[in-house]
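Chemist: Handing you a structure now.
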Amino acid sequence: MILPFRQLFLYSLVSALGLVSILPNSNSANAAVGDCPIPALSRFQRHKVVRGETLESIAQRYNLLPTTIIGMNPTLQSGAVVAVGSVLQIPPYNGIVVEVPSGQTWRQVAAQYKVRADSLFEINGCQQNPRIVFVPGVNWSPNGVVTKSPLSTETKTPNRESLSGYPLAQAANVGLAYGWQINPATGQVFFHSGIDLLAPAGSDVQAIAPGSVAFASDQGSYGKLVIINHGGGLQSRYAQLDSIKVTVGQQVKKGDLLGTVGISGQPTSSQPHLHFEVRSSSSLGWVAQDPKGYLKK
């Protein structure tokens, strides 16, 4: 695929203006259920080159490919060396900056570049209609071609045998399933990164497998949140709790009490429920998986 002039122009803006003029309107971000990360375009860094540094050493420092840094800094695309004192734009991941063409949706952009639509949605701050998106896992190359990154952004096939259980004492009805949903309060389409299990307020919430408590506190629209890191690069999240009964660093066994059901944070329903997620580790961080395959009563 030939890199269009408009995309080169976007890279020029990234370099010259530090993204200020092309950032999507942050007010349009909608994290209806669960917190979305800060948009990738807001997480660019500036790196001032010092003596002894090379393009390769800078790329290694930020865990990027050299071609990613070249693509984000047009002055390097002519083969120029990295000059001492020059300032480089450094993205948070390997990827490219793309303008969403008029008449297209960002989901069509995801399909065009063969990336997961939900990952593209979350990595751009859960915005509904962004003009500019950061597409992870693809890279600019010196011959003007956009290619897939050899450093895969896809998650490894999760080992469900290592994570299998149920977070409540009794099997519960599903209030809101995993995947693309319509927010009943706003009518907007959003990606629901977990599953809502209906249960009475104050019901015990328990670990579905052994692990270590990585987070146990309030977290934005998640409300009271407990995160457990398990083996095999898997993580479970228990959100919108009424109370938390564990602390960070604590080792838990399957069935241990983590907290109680509530409606803290910004749930889409006023009915008490547990917002439960399973995520797997990837080069883009913890990527949501469909929890249904891990739930076993």
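Numbering starts fresh at 1 for the residues of each chain in the structure tokens, the chains themselves are lettered A, B, ... in the order given, and ligands are numbered from 1 as they appear.
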I need the alpha helix (DSSP H) residues of segment 100-280 of chain A per DSSP on the backbone, written as a PyMOL selection string.
Modeler: chain A and resi 106-113+117-123
Chemist: Filtering to C-alpha atoms, could you give me those residues as a compact mmCIF listing (two decimals), in the first residue's frame?
Modeler:
# COMPACT_ATOMS: atom_id res chain seq x y z
CA TRP A 106 -12.81 4.17 12.17
CA ARG A 107 -14.08 0.56 12.10
CA GLN A 108 -13.47 0.52 8.35
CA VAL A 109 -9.97 1.82 9.07
CA ALA A 110 -9.49 -1.10 11.47
CA ALA A 111 -10.57 -3.54 8.76
CA GLN A 112 -8.31 -1.87 6.18
CA TYR A 113 -5.22 -2.24 8.36
CA ALA A 117 -11.55 -3.05 16.10
CA ASP A 118 -11.87 -3.10 19.89
CA SER A 119 -8.12 -2.53 20.32
CA LEU A 120 -8.24 0.42 17.92
CA PHE A 121 -11.26 1.78 19.82
CA GLU A 122 -9.61 1.57 23.23
CA ILE A 123 -6.18 2.74 22.13
Chemist: Please, which residues of segment 33-229 of chain A, numbered as in this document, come out strand (DSSP E) from DSSP, as an MDAnalysis selection string?
Modeler: chainID A and resid 45:48 87:90 95:99 132:136 138:140 146:148 174:176 179:182 189:192 195:198 204:206 211:218 224:229
Chemist: Nearest to Ile228 of chain A: which of A:Arg51, A:Lys296, A:Arg131, A:Lys254 is it, counting only C-alpha atoms?
Modeler: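 Closest to Ile228 of chain A of all the choices is A:Lys254.
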Chemist: With distances taken over only C-alpha atoms, which of A:Ile69, A:Val174, A:Ile90, A:Leu64 is nearest to Arg46 of chain A?
Modeler: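 For Arg46 of chain A, the nearest of the candidates is A:Ile90.
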Chemist: Tell me which protein, DNA and RNA residues are within 9 Å of Gln181 of chain A, counting only C-alpha atoms, leaving out same-chain ones fewer than 4 positions away, and put them as number ranges by chain.
Modeler: A: 176-177, 188-192
Chemist: I need the residues from that last selection saved to file as a PDB file, in the first residue's frame (with C-alpha atoms), if you can.
Modeler:
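Output contents, as saved in part19.pdb:
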ATOM      1  CA  LEU A 176     -24.878  -6.815  29.645  1.00  0.00           C
ATOM      2  CA  ALA A 177     -22.750  -9.094  27.484  1.00  0.00           C
ATOM      3  CA  GLN A 188     -24.354   5.375  21.547  1.00  0.00           C
ATOM      4  CA  VAL A 189     -22.500   2.279  20.389  1.00  0.00           C
ATOM      5  CA  PHE A 190     -19.590   1.346  22.628  1.00  0.00           C
ATOM      6  CA  PHE A 191     -17.318  -1.611  23.281  1.00  0.00           C
ATOM      7  CA  HIS A 192     -18.184  -3.404  26.526  1.00  0.00           C
TER       8      HIS A 192
END
Chemist: Please report the interatomic distance between atom CA of Ala83 of chain A and atom CA of Ser57 of chain A in Å with one decimal.
Modeler: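 Computing the Euclidean distance for atom CA of Ala83 of chain A and atom CA of Ser57 of chain A yields 13.4 Å.
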Chemist: Here is a test: counting only C-alpha atoms, which residue of A:His275, A:Ile182, A:Val205, A:Gly211 is nearest to Lys245 of chain A?
Modeler: A:Val205
Chemist: From the list A:Lys253, A:Thr186, A:His47, A:Leu274, which residue is nearest Val226 of chain A when using only C-alpha atoms?
Modeler: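 Among the listed residues, the smallest separation from Val226 of chain A belongs to A:Leu274.
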Chemist: Show me, as a PyMOL selection string, the residues that have an atom within 8 Å of segment 285-289 of chain A when counting only C-alpha atoms, minus same-chain residues fewer than 5 positions from it.
Modeler: chain A and resi 119+155+193-194+235+277-280
Chemist: Give me a file of those residues, with N, CA, C and O atoms, as a PDB file, in the first residue's frame.
Modeler:
ATOM      1  N   SER A 119      -9.422  -3.086  19.924  1.00  0.00           N
ATOM      2  CA  SER A 119      -8.123  -2.533  20.323  1.00  0.00           C
ATOM      3  C   SER A 119      -7.946  -1.122  19.769  1.00  0.00           C
ATOM      4  O   SER A 119      -7.461  -0.226  20.466  1.00  0.00           O
ATOM      5  N   THR A 155      -2.512 -10.748  20.661  1.00  0.00           N
ATOM      6  CA  THR A 155      -2.272 -11.506  21.869  1.00  0.00           C
ATOM      7  C   THR A 155      -2.056 -12.972  21.519  1.00  0.00           C
ATOM      8  O   THR A 155      -2.552 -13.468  20.526  1.00  0.00           O
ATOM      9  N   SER A 193     -16.110  -4.102  27.528  1.00  0.00           N
ATOM     10  CA  SER A 193     -14.914  -4.923  27.654  1.00  0.00           C
ATOM     11  C   SER A 193     -15.065  -6.083  28.627  1.00  0.00           C
ATOM     12  O   SER A 193     -14.113  -6.839  28.831  1.00  0.00           O
ATOM     13  N   GLY A 194     -16.229  -6.233  29.218  1.00  0.00           N
ATOM     14  CA  GLY A 194     -16.445  -7.337  30.140  1.00  0.00           C
ATOM     15  C   GLY A 194     -17.865  -7.839  30.061  1.00  0.00           C
ATOM     16  O   GLY A 194     -18.555  -7.671  29.048  1.00  0.00           O
ATOM     17  N   GLN A 235      -5.255 -11.936  33.143  1.00  0.00           N
ATOM     18  CA  GLN A 235      -5.638 -11.031  34.210  1.00  0.00           C
ATOM     19  C   GLN A 235      -7.159 -11.028  34.328  1.00  0.00           C
ATOM     20  O   GLN A 235      -7.874 -11.049  33.326  1.00  0.00           O
ATOM     21  N   GLU A 277     -14.105  -8.815  33.918  1.00  0.00           N
ATOM     22  CA  GLU A 277     -13.311  -8.828  32.695  1.00  0.00           C
ATOM     23  C   GLU A 277     -12.203  -9.868  32.777  1.00  0.00           C
ATOM     24  O   GLU A 277     -11.694 -10.169  33.854  1.00  0.00           O
ATOM     25  N   VAL A 278     -11.810 -10.346  31.611  1.00  0.00           N
ATOM     26  CA  VAL A 278     -10.579 -11.127  31.457  1.00  0.00           C
ATOM     27  C   VAL A 278      -9.746 -10.433  30.390  1.00  0.00           C
ATOM     28  O   VAL A 278     -10.257 -10.088  29.321  1.00  0.00           O
ATOM     29  N   ARG A 279      -8.468 -10.210  30.686  1.00  0.00           N
ATOM     30  CA  ARG A 279      -7.566  -9.567  29.727  1.00  0.00           C
ATOM     31  C   ARG A 279      -6.297 -10.396  29.595  1.00  0.00           C
ATOM     32  O   ARG A 279      -5.890 -11.084  30.529  1.00  0.00           O
ATOM     33  N   SER A 280      -5.670 -10.307  28.428  1.00  0.00           N
ATOM     34  CA  SER A 280      -4.417 -11.016  28.193  1.00  0.00           C
ATOM     35  C   SER A 280      -3.330 -10.017  27.812  1.00  0.00           C
ATOM     36  O   SER A 280      -3.600  -8.983  27.188  1.00  0.00           O
TER      37      SER A 280
END
Chemist: Measure the distance from atom CA of Gln127 of chain A to atom CA of Gly220 of chain A in Å and round it to one decimal.
Modeler: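 Computed distance, atom CA of Gln127 of chain A to atom CA of Gly220 of chain A, equals 16.7 Å.
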Chemist: If we count only C-alpha atoms, what is near Ala216 of chain A at a cut-off of 12 Å, once residues fewer than 4 positions away on the same chain are taken out, given as a list of chain:residue names?
Modeler: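 Counting only C-alpha atoms, the residues come to A:Ser212, A:Tyr222, A:Gly223, A:Lys224, A:Leu225, A:Val226, A:Ile227, A:Ile228, A:Asn229, A:Arg237, A:Tyr238, A:Ala239, A:Gln240, A:Leu241, A:Ser243, A:Ile244, A:Lys245, A:Val246, A:Thr247, A:Val248, A:Gly249, A:Gln250, A:Leu258, A:Gly259.
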Chemist: Tell me, as JSON, numbers by chain, which residues lie within 7 Å of Val135 of chain A, counting only C-alpha atoms; anything in the same chain fewer than 5 positions away does not count.
Modeler: {"A": [95, 96, 97, 98, 120]}
